[in-house]
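Student: Below are the structure tokens for one structure; questions will follow.
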Amino acid sequence: MNTAPVVPAVTTSPSASFLLWLLLLVPLLGGIAVAFLRDAKTAKLAALGIALLEFVLVIPTWIAYDPAGSRIQLSSSMDWIPNFGVHLALGVDGISLVMIALIGLLMPIVIGSSWADKLPEGRSVGGFYALLLVMQAGMIGVFAATDVFLFYVFFEAVLVPMYFLIGRFGGPRRQYAAVKFFLYSLLGGLIMLGSVIGLYVVSGDKLGSGTLDWATLTTVISQESQATQTWLFLGFFVAFAIKAPLVPLHTWLPDAAAEAPVGVGVLLVGILDKIGTYGFLRYCLPMFPAASKDLAPLVLVLGVAGLLYGALLATGQNDMKRFVAYTSIAHFGFIAVGIFAFSSQSVSGAVLYMFNHGLSTGMLFLVVGMVIARGGSTLISDYGGMAKLTPLLGGLFLVAGLAGLSLPGTNSFVSEFLVLIGAYPSRPVFAILATIGMILAALYVLWAYQRIMHGPVRGDALLGALKGPGAVAAPETATRQGIKDLDAREIAVLTPLVVLIIVLGFYPAPILDVIGPSVEATLHSVIPLGGN
Amino acid sequence: MVSTLWSNAVALAQQPPSPVQPIQPPSGPSELGSYLPIVILFVLAAAFAIFSVLLGPMVGPQRKNRAKTEAYECGIEPSPQPVIGGGRVPVAYYLTAMLFILFDIEMVFLYPFAVSADALGLFGLVEIFLFIATVGFAYAYVWRRGGLDWN
Amino acid sequence: MLATVLTAQPVPPADKLSAPAIDYGAIMPVLIVLGAACVGVLVEAFLPKHQRWPVQVVLSLATLAGAGIAMAVYLGDESTPKNGVITLAGTLAVDRPALFLWGTLLVLTLGALLLIADRSVEPGGAFVAEAAIRPGTIQDRAQVAGTGMQTEVFPLTLFALGGMMVFTSANDLLTMFIALEVLSLPLYLMCGLARRRRLLSQEAAVKYFLLGAFASAFFLYGLALLYGYAGSVKLADISNAAAGTDRSDALLFGGLGLLVVGLLFKASVGPFHTWTPDVYQGAPTPITAFMAACTKVAAFGGMLRVLQVGFESTSWEWRGVLWGVAIVSMVIGAVLGLTQTDVKRMIAYSSIAHAGFLLIGSIALTDQGLSGTLFYLLTYGFTTLAAFGVISLVRNADGEATHLSQWAGLAKRSPVTAAVFTFILLALAGIPLTSGFVGKFVIFSAALQDGMAPLVVIALIASAVAAFFYLRVIVLMYFSEPAADGPSVTVPGAFTTASITLGVIATLVLGVLPAFALDWAGSGTFAFQ
């Protein structure tokens, strides 16, 4: 009943597989080394160097991947715990390759944006960058693992550096936010552990000895009964829904994003949360096609609920970082709708959105961070007319915002459009509801932009900052007094994002070509069941 | 779940009777009769105890003094401050009692050994000396560390 | 009539007794440990005070090494039977699980012994000089200041170890009971030997003794009922008797119930856990480490053997009850752990939750259940050993600073200690790349295989709840500002450093490369004879 994929599941290509190991080990070892650097400047430079090296390594990986080739490429595998059939197995398909590329791209930007951050007193600079790099290694591992056990290890291991990054370097309520983040994720992880063990046990019943190899499991588990699939699916789904986050399980994200340092927040909403949607694609759909198909309406409802709820709350937010977090929740709802609409356009659109969201929301978060760095307050009501003082920052805020609301010509537009046209034939109601979300996006983005950047110069933060030695309110003196426009470093950090947002808005083919075959292969397991 | 239970039950029912036959509990009146001497012993012992307890107050003189009302009338003075209901006994007393029990039990083991000494041969001899030695170690410890000093 | 009765008595045969066959190679580790313990008593008796400590330390460490070598020689011998030997007239079963547990006990005792031997963290060691001195008196204050200690701790530890080793390999219930007493009595005593907070320590000792005596009585009662049922105290005979007879089930299950209560008490499984927090808190920390690591190994080792050898054939009748016990234990440990304000008590409640997990593995009566539980015991022992090792380092003028508020901002004052303790807490929470995660994985997969899915779900939720109180300590250490009059972290001496290093490295290695230990844990099953 399950028509086999056209291409072989996994091929081993040892020639280039070392690239993935390099991608994994460079930031890990680099991070450990940076932790021991006492001098702040050296630590920053070393971290930036490692992140740039990592980005350079992504390029040959991208080239070595052949979109027309087999499902999983650059794969390599060695025994780890033979007792459980667990391997140290890495490999990428188009979807994970795109995500790894996003990590490689965002990391130098994050480090560059954190360059001038004032860490809380007594915290070491080396520690901050070491944790960032270790987290990068963990995230690469999550996307590159082709063994469920290994995936789970990275999935959980990423929590620890993130927990310390928020808890040690975050805002005033960082303890609360860090613990909430960790507990939510750990709870999800433990529920998923139940399912991972379930996979091992079920495959053991089927094959004689249990395995956690992803490729084997997709063929074995997808043949299992509906009930088995549903239970196992739910375990994975809850973990990914917390991670993504889908609506009833989202409450940790606004707190974590609001308290995290800006660079960490970028990683949090830009990449870490994508693990959830990536998990839907990589694990839920191929391994539990029957359950995915069955429960798709539930996920679609949650996705649309998140889309609308996130949009409404974003509209009402006064805290800028929470504002970005709620826009993210809306976008993740959108991605979930795209994935569970089960058409190749909608899933391609969702994957493309995962990449684009990293760029656009990442940039929005960075820009918001730059605003906060100038005014010292995170509240929208403390600002007003800022574009008069910092025209360049205002303009880039608008670019990021427009990308967030998917204006045609920006990268997000392509992905949202694909999701909507893909979802409409099979799920018209959800597609229409999602369109309402797009309209709300225009509302919250533009309204926030207007309040912060336009009108007369006002607000406690700006006026307070202006009240330097001689209190003045004229824009031309303000630039000299305290509020300066973007400096060279900030421009350098934002430029690549602006370029990519616009280029991919007109020419998304490089990404779509890479993810296309993988999306088709993912849907192969669901569509024969009448998923579409 | 239920089916597992059932298959377990069936499997159990199908198992052949166990090859190891444990000691059969005694059955029937004639077997029970073998316990009669023990019953008689219990009755006799109880009767003797009751008889002695009752006889003492009836025939003995009733001259009480302080020493006689102590909890342990064995010549050892209780600790200086008597607490309500009888006063304390020096801890050394317990130590001695403990040592006494220790050697008492050693004796208990020596008797059966003596009965089977022939059958056990050299092994038994070595074993019993090891046993005596272990008790001796404890004794040596008490002795060397001043457990037998009465100050 | 009396005469006829008396003459009817058959005269028992005079000598059916003969020397039992003894496989000295198999039991050599136990003989070495118990023999050395006796030598330790003689050292106490005949050596002057100042020589005792060095001699005892050398003797104890040499004993552990010797026992380890004896075990390695036995295992390496080609002629050693793979499925174990039953020796000493059927009282001891030296099979693969027993040898695994012996090895575990020896290594964990080594770690605990290193903590016990340390005299630099607390000047003079964690033990009182004269336990008989009444707390609060002038002499008591003087002995706190002095550097003497009761070196009897060393032979007592060895006796307890010997008892534990016998306990895990006892093939009949009577031997098991005697081993239970041999392992318990030294522990009761050692609990009362803390140098500081004498009253708390003595309270712990008395509490442990009284409740332990109850538990022993339960065990003995159960033993008697089972003997009445099967006519034998051997586990295999009980199992055979239970399979397909029409004897009174009341005796069997009454006996099993009482027996298991005794075992659950020793293993500090809730609801038989009430002694655990008080005793863990009051006992000298090295002894707490020894109890938490080794007693748990011994108790669950014994429980595994009793359940798998003695009662597997009737498992579907009693397993439901132990399901309930496991749930209660996990819930009590996880929920009450949340409210604790003392680090030692917190780890005690964590141990109760872990006991629930171990019980899940123990009642999965499969080979996976056995090997999983064995592996979990090994990993948990190392982690908890290191945890108490670290706790012993955080001190102020009054001794150990175990109140959680005193741990605030520890990372700032002592980053290494805080990092090590964080790692240990993450291992207790079961985060991947620590041994705690692999342990959970093996236990839960065994349980799932044996059809205990609901129990696994509850265990996972309990793990999540328990993670909160581990996290709380990490939050305190890393994210809070240090208290003004907070404790200082003592620079550990060589012994404590070695012990903590042992625990931490084992926790890491068993988390990253567990294959060899899993192989060993799964290398054989209990001998049934």
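Each chain in the structure tokens gets a letter, A, B and so on, in the order shown; residues start at 1 in every chain, and ligands are counted from 1 in the order they appear.
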Find the residues of chain C in contact range of chain B, meaning any atom within 6 Å when counting only C-alpha atoms, and list them as a PDB file with C-alpha atoms, in the first residue's frame.
Tutor:
ATOM      1  CA  SER C  18      29.221 -33.329  55.135  1.00  0.00           C
ATOM      2  CA  ALA C  19      31.467 -30.479  54.113  1.00  0.00           C
ATOM      3  CA  ALA C  45      42.575  -3.004  68.545  1.00  0.00           C
ATOM      4  CA  GLY C 231       9.071 -25.857  52.622  1.00  0.00           C
ATOM      5  CA  ASN C 240       8.915 -24.303  41.536  1.00  0.00           C
TER       6      ASN C 240
END
Student: Hey, list the chain C side of the contact with chain A: 9 Å cut-off, only C-alpha atoms, answer as a VMD selection string.
Tutor: chain C and resid 412 431 to 433 441 to 442 444 to 446 448 to 449 453 456 to 457 460 to 461 463 to 465 467 to 468 471 to 472 475 478 to 480 512 to 516 518 to 519
Student: Please identify all polymer residues within 8 Å of range 258-263 of chain C, counting only C-alpha atoms, omitting same-chain residues fewer than 6 positions from it, and present them as a VMD selection string.
Tutor: chain C and resid 215 to 223 272 299 to 300 302 to 303
Student: I'd like the neighbourhood of Ala400 in chain A as an mmCIF file with N, CA and C atoms, in the first residue's frame, where a residue qualifies if any of its atoms comes within 7 Å (using only C-alpha atoms), though same-chain residues fewer than 4 positions away should be ignored.
Tutor:
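Just written: around-v7.cif:
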data_model
loop_
_atom_site.group_PDB
_atom_site.id
_atom_site.type_symbol
_atom_site.label_atom_id
_atom_site.label_comp_id
_atom_site.auth_asym_id
_atom_site.auth_seq_id
_atom_site.Cartn_x
_atom_site.Cartn_y
_atom_site.Cartn_z
ATOM 1 N N SER A 360 14.010 37.270 7.551
ATOM 2 C CA SER A 360 13.210 38.475 7.776
ATOM 3 C C SER A 360 12.976 38.722 9.263
ATOM 4 N N MET A 363 16.182 39.618 10.916
ATOM 5 C CA MET A 363 16.535 41.020 10.685
ATOM 6 C C MET A 363 15.660 41.941 11.538
ATOM 7 N N LEU A 364 14.361 41.609 11.626
ATOM 8 C CA LEU A 364 13.472 42.440 12.441
ATOM 9 C C LEU A 364 13.961 42.464 13.891
ATOM 10 N N LEU A 396 15.681 50.629 7.422
ATOM 11 C CA LEU A 396 15.908 49.183 7.511
ATOM 12 C C LEU A 396 14.830 48.510 8.351
ATOM 13 N N GLY A 404 8.483 40.971 6.787
ATOM 14 C CA GLY A 404 7.664 40.231 7.737
ATOM 15 C C GLY A 404 6.210 40.176 7.314
#
Student: Mind the document's chain letters and residue numbers, and return as a short mmCIF file (atom, residue, chain, number, x, y, z; two decimals) with N, CA and C atoms, in the first residue's frame the residues of range 117-269 of chain A that DSSP labels helix (DSSP H, G or I).
Tutor:
data_model
loop_
_atom_site.label_atom_id
_atom_site.label_comp_id
_atom_site.auth_asym_id
_atom_site.auth_seq_id
_atom_site.Cartn_x
_atom_site.Cartn_y
_atom_site.Cartn_z
N VAL A 125 32.86 37.35 28.64
CA VAL A 125 32.59 37.45 27.21
C VAL A 125 32.86 36.12 26.52
N GLY A 126 33.99 35.50 26.92
CA GLY A 126 34.34 34.22 26.32
C GLY A 126 33.23 33.20 26.52
N GLY A 127 32.63 33.19 27.72
CA GLY A 127 31.56 32.24 28.01
C GLY A 127 30.38 32.44 27.07
N PHE A 128 30.04 33.70 26.83
CA PHE A 128 28.89 34.01 25.97
C PHE A 128 29.11 33.46 24.56
N TYR A 129 30.28 33.77 24.00
CA TYR A 129 30.51 33.32 22.62
C TYR A 129 30.73 31.82 22.54
N ALA A 130 31.32 31.25 23.60
CA ALA A 130 31.48 29.80 23.61
C ALA A 130 30.12 29.12 23.57
N LEU A 131 29.18 29.64 24.37
CA LEU A 131 27.85 29.03 24.38
C LEU A 131 27.17 29.19 23.02
N LEU A 132 27.36 30.36 22.41
CA LEU A 132 26.78 30.56 21.08
C LEU A 132 27.29 29.51 20.09
N LEU A 133 28.62 29.30 20.12
CA LEU A 133 29.20 28.36 19.15
C LEU A 133 28.77 26.93 19.45
N VAL A 134 28.74 26.58 20.73
CA VAL A 134 28.32 25.22 21.07
C VAL A 134 26.88 25.01 20.63
N MET A 135 26.07 26.05 20.80
CA MET A 135 24.68 25.91 20.36
C MET A 135 24.62 25.75 18.85
N GLN A 136 25.49 26.46 18.16
CA GLN A 136 25.52 26.29 16.71
C GLN A 136 25.81 24.84 16.34
N ALA A 137 26.80 24.25 17.02
CA ALA A 137 27.13 22.85 16.74
C ALA A 137 25.91 21.97 16.98
N GLY A 138 25.22 22.23 18.11
CA GLY A 138 24.04 21.43 18.42
C GLY A 138 22.98 21.54 17.35
N MET A 139 22.77 22.78 16.86
CA MET A 139 21.72 22.96 15.86
C MET A 139 22.09 22.30 14.54
N ILE A 140 23.37 22.40 14.17
CA ILE A 140 23.82 21.68 12.97
C ILE A 140 23.53 20.19 13.14
N GLY A 141 23.83 19.68 14.35
CA GLY A 141 23.62 18.26 14.61
C GLY A 141 22.15 17.88 14.47
N VAL A 142 21.26 18.74 14.98
CA VAL A 142 19.83 18.44 14.88
C VAL A 142 19.43 18.26 13.42
N PHE A 143 19.94 19.15 12.56
CA PHE A 143 19.51 19.09 11.17
C PHE A 143 20.26 18.03 10.37
N ALA A 144 21.43 17.64 10.83
CA ALA A 144 22.23 16.70 10.04
C ALA A 144 22.06 15.26 10.49
N VAL A 148 17.59 8.59 14.73
CA VAL A 148 16.62 9.26 15.60
C VAL A 148 17.20 9.52 16.98
N PHE A 149 17.98 8.56 17.45
CA PHE A 149 18.60 8.72 18.77
C PHE A 149 19.55 9.91 18.76
N LEU A 150 20.36 9.98 17.73
CA LEU A 150 21.32 11.08 17.62
C LEU A 150 20.57 12.41 17.51
N PHE A 151 19.50 12.40 16.73
CA PHE A 151 18.67 13.60 16.62
C PHE A 151 18.18 14.01 18.00
N TYR A 152 17.69 13.03 18.75
CA TYR A 152 17.16 13.34 20.07
C TYR A 152 18.25 13.91 20.97
N VAL A 153 19.44 13.33 20.88
CA VAL A 153 20.55 13.83 21.71
C VAL A 153 20.82 15.29 21.41
N PHE A 154 20.89 15.63 20.12
CA PHE A 154 21.15 17.03 19.76
C PHE A 154 19.97 17.92 20.16
N PHE A 155 18.77 17.39 19.95
CA PHE A 155 17.55 18.13 20.27
C PHE A 155 17.57 18.58 21.72
N GLU A 156 17.96 17.68 22.61
CA GLU A 156 18.01 18.01 24.03
C GLU A 156 19.26 18.81 24.36
N ALA A 157 20.36 18.46 23.71
CA ALA A 157 21.63 19.10 24.06
C ALA A 157 21.59 20.59 23.73
N LEU A 159 19.29 22.54 24.29
CA LEU A 159 18.62 23.26 25.38
C LEU A 159 19.62 23.86 26.35
N VAL A 160 20.67 23.11 26.64
CA VAL A 160 21.54 23.51 27.74
C VAL A 160 22.24 24.83 27.45
N PRO A 161 22.94 24.99 26.29
CA PRO A 161 23.54 26.30 26.03
C PRO A 161 22.50 27.41 25.93
N MET A 162 21.34 27.10 25.36
CA MET A 162 20.31 28.15 25.24
C MET A 162 19.85 28.59 26.62
N TYR A 163 19.68 27.61 27.50
CA TYR A 163 19.26 27.91 28.86
C TYR A 163 20.24 28.84 29.55
N PHE A 164 21.52 28.56 29.38
CA PHE A 164 22.52 29.42 30.02
C PHE A 164 22.61 30.77 29.33
N LEU A 165 22.43 30.79 28.01
CA LEU A 165 22.49 32.07 27.31
C LEU A 165 21.38 33.00 27.78
N ILE A 166 20.17 32.45 27.93
CA ILE A 166 19.08 33.30 28.39
C ILE A 166 19.27 33.63 29.87
N GLY A 167 19.56 32.59 30.64
CA GLY A 167 19.58 32.76 32.09
C GLY A 167 20.74 33.60 32.59
N ARG A 168 21.84 33.58 31.90
CA ARG A 168 23.01 34.31 32.40
C ARG A 168 23.16 35.68 31.74
N PHE A 169 22.73 35.79 30.50
CA PHE A 169 23.03 37.02 29.77
C PHE A 169 21.77 37.81 29.40
N ARG A 174 15.24 37.17 33.47
CA ARG A 174 15.87 36.08 32.73
C ARG A 174 15.73 34.74 33.41
N GLN A 175 15.77 34.72 34.77
CA GLN A 175 15.68 33.43 35.46
C GLN A 175 14.38 32.74 35.12
N TYR A 176 13.30 33.54 35.24
CA TYR A 176 11.98 32.99 34.97
C TYR A 176 11.90 32.49 33.53
N ALA A 177 12.38 33.32 32.61
CA ALA A 177 12.28 32.96 31.20
C ALA A 177 13.10 31.72 30.88
N ALA A 178 14.31 31.65 31.45
CA ALA A 178 15.19 30.52 31.15
C ALA A 178 14.59 29.22 31.67
N VAL A 179 14.08 29.27 32.90
CA VAL A 179 13.52 28.04 33.47
C VAL A 179 12.27 27.62 32.69
N LYS A 180 11.45 28.60 32.33
CA LYS A 180 10.24 28.28 31.58
C LYS A 180 10.60 27.64 30.24
N PHE A 181 11.55 28.26 29.56
CA PHE A 181 12.01 27.72 28.29
C PHE A 181 12.48 26.28 28.46
N PHE A 182 13.33 26.07 29.46
CA PHE A 182 13.94 24.75 29.62
C PHE A 182 12.88 23.71 29.97
N LEU A 183 11.98 24.08 30.87
CA LEU A 183 10.99 23.09 31.32
C LEU A 183 10.04 22.71 30.19
N TYR A 184 9.57 23.72 29.45
CA TYR A 184 8.70 23.42 28.32
C TYR A 184 9.40 22.47 27.36
N SER A 185 10.63 22.83 26.99
CA SER A 185 11.33 22.02 26.00
C SER A 185 11.64 20.64 26.54
N LEU A 186 12.01 20.60 27.83
CA LEU A 186 12.36 19.30 28.40
C LEU A 186 11.13 18.41 28.47
N LEU A 187 10.00 18.99 28.85
CA LEU A 187 8.77 18.20 28.90
C LEU A 187 8.48 17.62 27.52
N GLY A 188 8.55 18.50 26.51
CA GLY A 188 8.33 18.01 25.15
C GLY A 188 9.33 16.94 24.80
N GLY A 189 10.59 17.18 25.15
CA GLY A 189 11.64 16.21 24.83
C GLY A 189 11.38 14.87 25.50
N LEU A 190 10.92 14.91 26.75
CA LEU A 190 10.70 13.64 27.44
C LEU A 190 9.52 12.89 26.84
N ILE A 191 8.49 13.65 26.44
CA ILE A 191 7.37 12.97 25.78
C ILE A 191 7.85 12.35 24.47
N MET A 192 8.72 13.09 23.78
CA MET A 192 9.26 12.53 22.55
C MET A 192 10.13 11.31 22.85
N LEU A 193 10.84 11.35 23.98
CA LEU A 193 11.66 10.20 24.34
C LEU A 193 10.79 8.94 24.42
N GLY A 194 9.59 9.10 24.99
CA GLY A 194 8.68 7.97 25.02
C GLY A 194 8.46 7.40 23.63
N SER A 195 8.26 8.29 22.67
CA SER A 195 8.02 7.82 21.31
C SER A 195 9.28 7.24 20.68
N VAL A 196 10.44 7.85 20.99
CA VAL A 196 11.69 7.31 20.44
C VAL A 196 11.89 5.89 20.93
N ILE A 197 11.66 5.69 22.24
CA ILE A 197 11.78 4.33 22.78
C ILE A 197 10.74 3.43 22.12
N GLY A 198 9.55 4.00 21.91
CA GLY A 198 8.51 3.24 21.22
C GLY A 198 8.96 2.79 19.84
N LEU A 199 9.62 3.70 19.11
CA LEU A 199 10.12 3.34 17.78
C LEU A 199 11.08 2.17 17.88
N TYR A 200 11.96 2.26 18.88
CA TYR A 200 12.96 1.21 19.05
C TYR A 200 12.27 -0.13 19.34
N VAL A 201 11.29 -0.09 20.21
CA VAL A 201 10.62 -1.33 20.60
C VAL A 201 9.81 -1.89 19.42
N VAL A 202 9.07 -1.01 18.74
CA VAL A 202 8.24 -1.49 17.63
C VAL A 202 9.11 -2.05 16.51
N SER A 203 10.20 -1.33 16.21
CA SER A 203 11.07 -1.84 15.15
C SER A 203 11.72 -3.14 15.58
N GLY A 204 11.97 -3.28 16.89
CA GLY A 204 12.53 -4.53 17.39
C GLY A 204 11.56 -5.68 17.20
N ASP A 205 10.28 -5.42 17.44
CA ASP A 205 9.27 -6.46 17.22
C ASP A 205 9.22 -6.87 15.75
N LYS A 206 9.40 -5.87 14.90
CA LYS A 206 9.24 -6.09 13.48
C LYS A 206 10.48 -6.75 12.86
N LEU A 207 11.64 -6.22 13.23
CA LEU A 207 12.86 -6.63 12.55
C LEU A 207 13.67 -7.67 13.32
N TRP A 214 17.02 6.33 10.77
CA TRP A 214 15.86 7.03 10.24
C TRP A 214 15.31 6.34 8.99
N ALA A 215 16.20 6.00 8.05
CA ALA A 215 15.75 5.45 6.78
C ALA A 215 15.02 4.12 7.00
N THR A 216 15.57 3.27 7.87
CA THR A 216 14.91 2.00 8.15
C THR A 216 13.56 2.23 8.81
N LEU A 217 13.55 3.16 9.75
CA LEU A 217 12.30 3.39 10.48
C LEU A 217 11.20 3.90 9.56
N THR A 218 11.56 4.76 8.60
CA THR A 218 10.50 5.27 7.74
C THR A 218 9.82 4.15 6.98
N THR A 219 10.59 3.12 6.60
CA THR A 219 9.94 2.02 5.89
C THR A 219 9.19 1.11 6.84
N VAL A 220 9.74 0.91 8.04
CA VAL A 220 9.11 -0.05 8.96
C VAL A 220 7.88 0.56 9.62
N ILE A 221 8.04 1.74 10.20
CA ILE A 221 6.96 2.30 11.02
C ILE A 221 5.78 2.73 10.15
N GLN A 226 -2.63 1.92 12.44
CA GLN A 226 -3.04 3.30 12.68
C GLN A 226 -2.83 3.69 14.15
N ALA A 227 -3.23 2.80 15.05
CA ALA A 227 -3.15 3.15 16.48
C ALA A 227 -1.70 3.36 16.90
N THR A 228 -0.83 2.42 16.52
CA THR A 228 0.58 2.55 16.88
C THR A 228 1.13 3.86 16.35
N GLN A 229 0.84 4.11 15.07
CA GLN A 229 1.35 5.33 14.46
C GLN A 229 0.86 6.56 15.21
N THR A 230 -0.42 6.53 15.59
CA THR A 230 -0.98 7.72 16.23
C THR A 230 -0.28 8.01 17.55
N TRP A 231 -0.08 6.97 18.37
CA TRP A 231 0.58 7.20 19.66
C TRP A 231 1.99 7.73 19.46
N LEU A 232 2.73 7.08 18.55
CA LEU A 232 4.11 7.52 18.33
C LEU A 232 4.13 8.93 17.76
N PHE A 233 3.21 9.19 16.83
CA PHE A 233 3.11 10.52 16.23
C PHE A 233 2.90 11.58 17.30
N LEU A 234 1.98 11.29 18.23
CA LEU A 234 1.65 12.29 19.23
C LEU A 234 2.86 12.65 20.08
N GLY A 235 3.67 11.63 20.41
CA GLY A 235 4.87 11.91 21.20
C GLY A 235 5.77 12.89 20.48
N PHE A 236 6.03 12.63 19.20
CA PHE A 236 6.88 13.55 18.44
C PHE A 236 6.19 14.90 18.28
N PHE A 237 4.89 14.83 18.00
CA PHE A 237 4.18 16.06 17.65
C PHE A 237 4.20 17.05 18.81
N VAL A 238 3.97 16.55 20.03
CA VAL A 238 3.93 17.47 21.18
C VAL A 238 5.28 18.17 21.32
N ALA A 239 6.36 17.39 21.19
CA ALA A 239 7.69 17.99 21.32
C ALA A 239 7.90 19.06 20.26
N PHE A 240 7.52 18.75 19.03
CA PHE A 240 7.75 19.72 17.95
C PHE A 240 6.80 20.90 18.06
N ALA A 241 5.59 20.63 18.56
CA ALA A 241 4.64 21.73 18.68
C ALA A 241 5.08 22.70 19.78
N ILE A 242 5.75 22.17 20.80
CA ILE A 242 6.30 23.08 21.82
C ILE A 242 7.45 23.87 21.21
N LYS A 243 8.26 23.19 20.44
CA LYS A 243 9.44 23.83 19.87
C LYS A 243 9.04 24.89 18.85
N VAL A 247 -0.02 26.94 18.97
CA VAL A 247 -0.60 27.86 19.93
C VAL A 247 -0.80 27.45 21.38
N PRO A 248 -1.39 26.37 21.73
CA PRO A 248 -1.58 26.29 23.20
C PRO A 248 -0.25 26.08 23.93
N LEU A 249 0.81 25.76 23.20
CA LEU A 249 2.08 25.43 23.85
C LEU A 249 3.13 26.51 23.62
N TRP A 252 6.03 29.98 26.26
CA TRP A 252 7.42 30.18 26.67
C TRP A 252 8.14 31.14 25.73
N LEU A 253 7.71 31.18 24.46
CA LEU A 253 8.50 31.91 23.47
C LEU A 253 8.53 33.42 23.73
N PRO A 254 7.38 34.08 23.97
CA PRO A 254 7.47 35.52 24.22
C PRO A 254 8.38 35.85 25.40
N ASP A 255 8.29 35.05 26.48
CA ASP A 255 9.15 35.32 27.62
C ASP A 255 10.61 35.13 27.26
N ALA A 256 10.90 33.98 26.61
CA ALA A 256 12.29 33.69 26.29
C ALA A 256 12.84 34.73 25.32
N ALA A 257 12.07 35.08 24.30
CA ALA A 257 12.56 36.03 23.32
C ALA A 257 12.71 37.41 23.93
N ALA A 258 11.79 37.76 24.84
CA ALA A 258 11.87 39.09 25.43
C ALA A 258 13.08 39.22 26.34
N GLU A 259 13.44 38.15 27.02
CA GLU A 259 14.53 38.25 27.99
C GLU A 259 15.89 37.93 27.37
N VAL A 262 19.74 40.13 22.26
CA VAL A 262 19.21 40.22 20.90
C VAL A 262 19.75 39.13 19.98
N GLY A 263 21.06 38.93 20.01
CA GLY A 263 21.65 37.93 19.13
C GLY A 263 21.09 36.55 19.41
N VAL A 264 20.94 36.24 20.71
CA VAL A 264 20.40 34.93 21.08
C VAL A 264 18.95 34.81 20.64
N GLY A 265 18.22 35.94 20.75
CA GLY A 265 16.83 35.93 20.29
C GLY A 265 16.73 35.62 18.82
N VAL A 266 17.67 36.16 18.04
CA VAL A 266 17.67 35.88 16.60
C VAL A 266 17.81 34.38 16.37
N LEU A 267 18.73 33.77 17.08
CA LEU A 267 18.91 32.32 16.93
C LEU A 267 17.67 31.58 17.39
N LEU A 268 17.07 32.08 18.45
CA LEU A 268 15.90 31.40 19.03
C LEU A 268 14.75 31.38 18.02
N VAL A 269 14.35 32.55 17.54
CA VAL A 269 13.21 32.55 16.61
C VAL A 269 13.65 32.18 15.20
#
Student: For Leu440 in chain A, list every protein, DNA or RNA residue within 8 Å, evaluated using only C-alpha atoms, and leave out those in the same chain fewer than 2 positions away; present the list as a ChimeraX atom specification.
Tutor: /A:308,311-312,436-438,442-444
Student: Can you write just those residues out, C-alpha atoms, as a PDB file, in the first residue's frame?
Tutor:
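Result written to again02.pdb:
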ATOM      1  CA  LEU A 308      -4.580  34.576  14.064  1.00  0.00           C
ATOM      2  CA  ALA A 311      -1.196  38.274  14.862  1.00  0.00           C
ATOM      3  CA  LEU A 312      -3.731  39.707  17.303  1.00  0.00           C
ATOM      4  CA  ILE A 436      -6.745  37.014   7.054  1.00  0.00           C
ATOM      5  CA  GLY A 437      -3.561  36.462   8.981  1.00  0.00           C
ATOM      6  CA  MET A 438      -1.614  38.125   6.200  1.00  0.00           C
ATOM      7  CA  ALA A 442       0.220  44.356   7.563  1.00  0.00           C
ATOM      8  CA  LEU A 443      -1.648  45.939  10.457  1.00  0.00           C
ATOM      9  CA  TYR A 444       0.731  45.000  13.249  1.00  0.00           C
TER      10      TYR A 444
END
Student: Skipping near chain neighbours, those fewer than 2 positions away, what residues fall within 9 Å of Gly358 in chain A using only C-alpha atoms, listed as a ChimeraX atom specification?
Tutor: /A:102-103,106,266-267,269-271,274,353-356,360-363
Student: Could you write out that same residue set with C-alpha atoms as a compact mmCIF listing (two decimals), in the first residue's frame?
Tutor:
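Output file selection-v6.txt follows:
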# COMPACT_ATOMS: atom_id res chain seq x y z
CA LEU A 102 20.69 29.41 7.31
CA ILE A 103 22.63 28.60 10.49
CA LEU A 106 23.02 33.86 10.58
CA VAL A 266 17.67 35.88 16.60
CA LEU A 267 18.91 32.32 16.93
CA VAL A 269 13.21 32.55 16.61
CA GLY A 270 15.35 32.25 13.49
CA ILE A 271 16.64 28.71 13.86
CA LYS A 274 12.51 25.73 13.11
CA TYR A 353 9.26 30.12 4.58
CA MET A 354 11.41 28.42 7.22
CA PHE A 355 14.45 29.85 5.47
CA ASN A 356 12.94 33.25 4.71
CA SER A 360 13.21 38.48 7.78
CA THR A 361 12.35 37.90 11.42
CA GLY A 362 16.03 37.62 12.25
CA MET A 363 16.54 41.02 10.68
